[in-house]
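Read the structure below first, then the notes.
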Amino acid sequence: DFGDVHPMYALLLSSLAVLSSSPGGYVDRPEVHEFALELSKGGEFDKEEILSVLEQAEYQQSVIDSIRRPAEKQLTWAQYQDIFLTEERIQSGVRFMVDHQVALDEAHRVYGVPPEVVTAIIGVETMYGKFTGGYRVLDALATLSFDYPPRSDFFRRQLEHLFRLAREEGKSTSLKGSYAGAVGLGQFVPSSYRHYAVDFDGDGFRDIWHNPADAIGSVANYLHEHDWRRSSIIAMPVEAGDAPRDIFNVSLRPGKSLTELEALGVKADLENLDRDQQVSPMLLIGKHGDEFWVGMQNFYAITRYNHSALYAMAIYQLSETLKDTSASR
């Protein structure tokens, strides 16, 4: 009996009670009580209700194993692209663009993000909704909040956002997600859901789990809110020439102008480009050796989704292939 608890919060409580058969012992730990006390201070939550949910959380060693070895830190670009630039992902992406053309075009109009870029992100994240994650988000976030010190502060904030998300949404949502607690077709962590998810089809619910239109609008809005530049390029290849190699891979954030790079010996096709714009010079280890690139502001916007040059390059190249493949049909 959850009394006057918000329907979504009651659903979270009851569904967790049913799903969990062997609690992970988190409520025996003082830091968990401290978390529940902090969350209850504002008066929105009751400490005991929070603990009753966390009592059902189960430690997941596979979550710790996965977060310690993300592909972005383990692989070269030559290896990474083999995962995401596959024929299956390309063909499935083309079909996704056909099936959801109306929503993709509307997202482009509203947020300025091209259909192929939104599609590429959903394709890389979940293979267009096919693989959205098999972990209970509560388990993943509890494990990372209380048993992964390197990023415990971040994941405790996500756990707090999960409780707030459950309180705010009036309809049922899936509680399954990735090992990092990300959910839906676009894999939003709870804070991203609360801040950037949109009800793109106007049905009253921001359903990024089962509604492609909402997922499309939400991904586009996320990039828009991270300063996506409408009608601007994402990245371009360059020749390093005799430029010093220590100017590459310094930061994902654009920090050198094209004019500066040109003065250092970098060679590029700068026709029709603003030479004063800031870019990020990159060196990637490709299939045929070193590849030199510069990432523009839109490249940086993609890295705000996942802080990795490899990830953003995969999105960029998949999106270009999707655009070219769609145009040739």
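FYI, nothing fancy with the structure tokens labels: chains A, B, ... in order, residues from 1 per chain, ligands from 1 as they appear.
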Non-local contacts of Val117 (chain A) (8 Å; only C-alpha atoms; under 4 positions in same chain excluded) as a VMD selection string: chain A and resid 113 121 315 to 316 319
Near-His224 (chain A) list (9 Å; only C-alpha atoms; drop same-chain fewer than 5 positions) as a ChimeraX atom specification: /A:111-113,219,229-230,301
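Proximity to Asp199 (chain A) was assessed for A:Pro281, A:Pro212, A:Gly295, A:Gly93 counting only C-alpha atoms; the smallest distance is recorded for A:Pro212.
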Distance query His288 (chain A) at most 12 Å, only C-alpha atoms, self and fewer than 2 positions along chain excluded, as a PyMOL selection string: chain A and resi 77-79+284-286+290-292
Save out the residues we just selected, C-alpha atoms, as a PDB file, in the first residue's frame.
ATOM      1  CA  TRP A  77      39.761   3.983 -34.890  1.00  0.00           C
ATOM      2  CA  ALA A  78      40.573   1.106 -37.259  1.00  0.00           C
ATOM      3  CA  GLN A  79      38.961  -1.333 -34.806  1.00  0.00           C
ATOM      4  CA  LEU A 284      43.285   8.811 -35.440  1.00  0.00           C
ATOM      5  CA  ILE A 285      44.908   5.472 -36.160  1.00  0.00           C
ATOM      6  CA  GLY A 286      43.013   4.213 -39.200  1.00  0.00           C
ATOM      7  CA  ASP A 290      47.468   7.863 -39.355  1.00  0.00           C
ATOM      8  CA  GLU A 291      44.442   9.970 -40.244  1.00  0.00           C
ATOM      9  CA  PHE A 292      44.380  13.696 -39.519  1.00  0.00           C
TER      10      PHE A 292
END
Polymer residues at most 9 Å from Ser257 (chain A), only C-alpha atoms, same-chain spacing of 5 or more positions, as a PyMOL selection string: chain A and resi 262+275-280
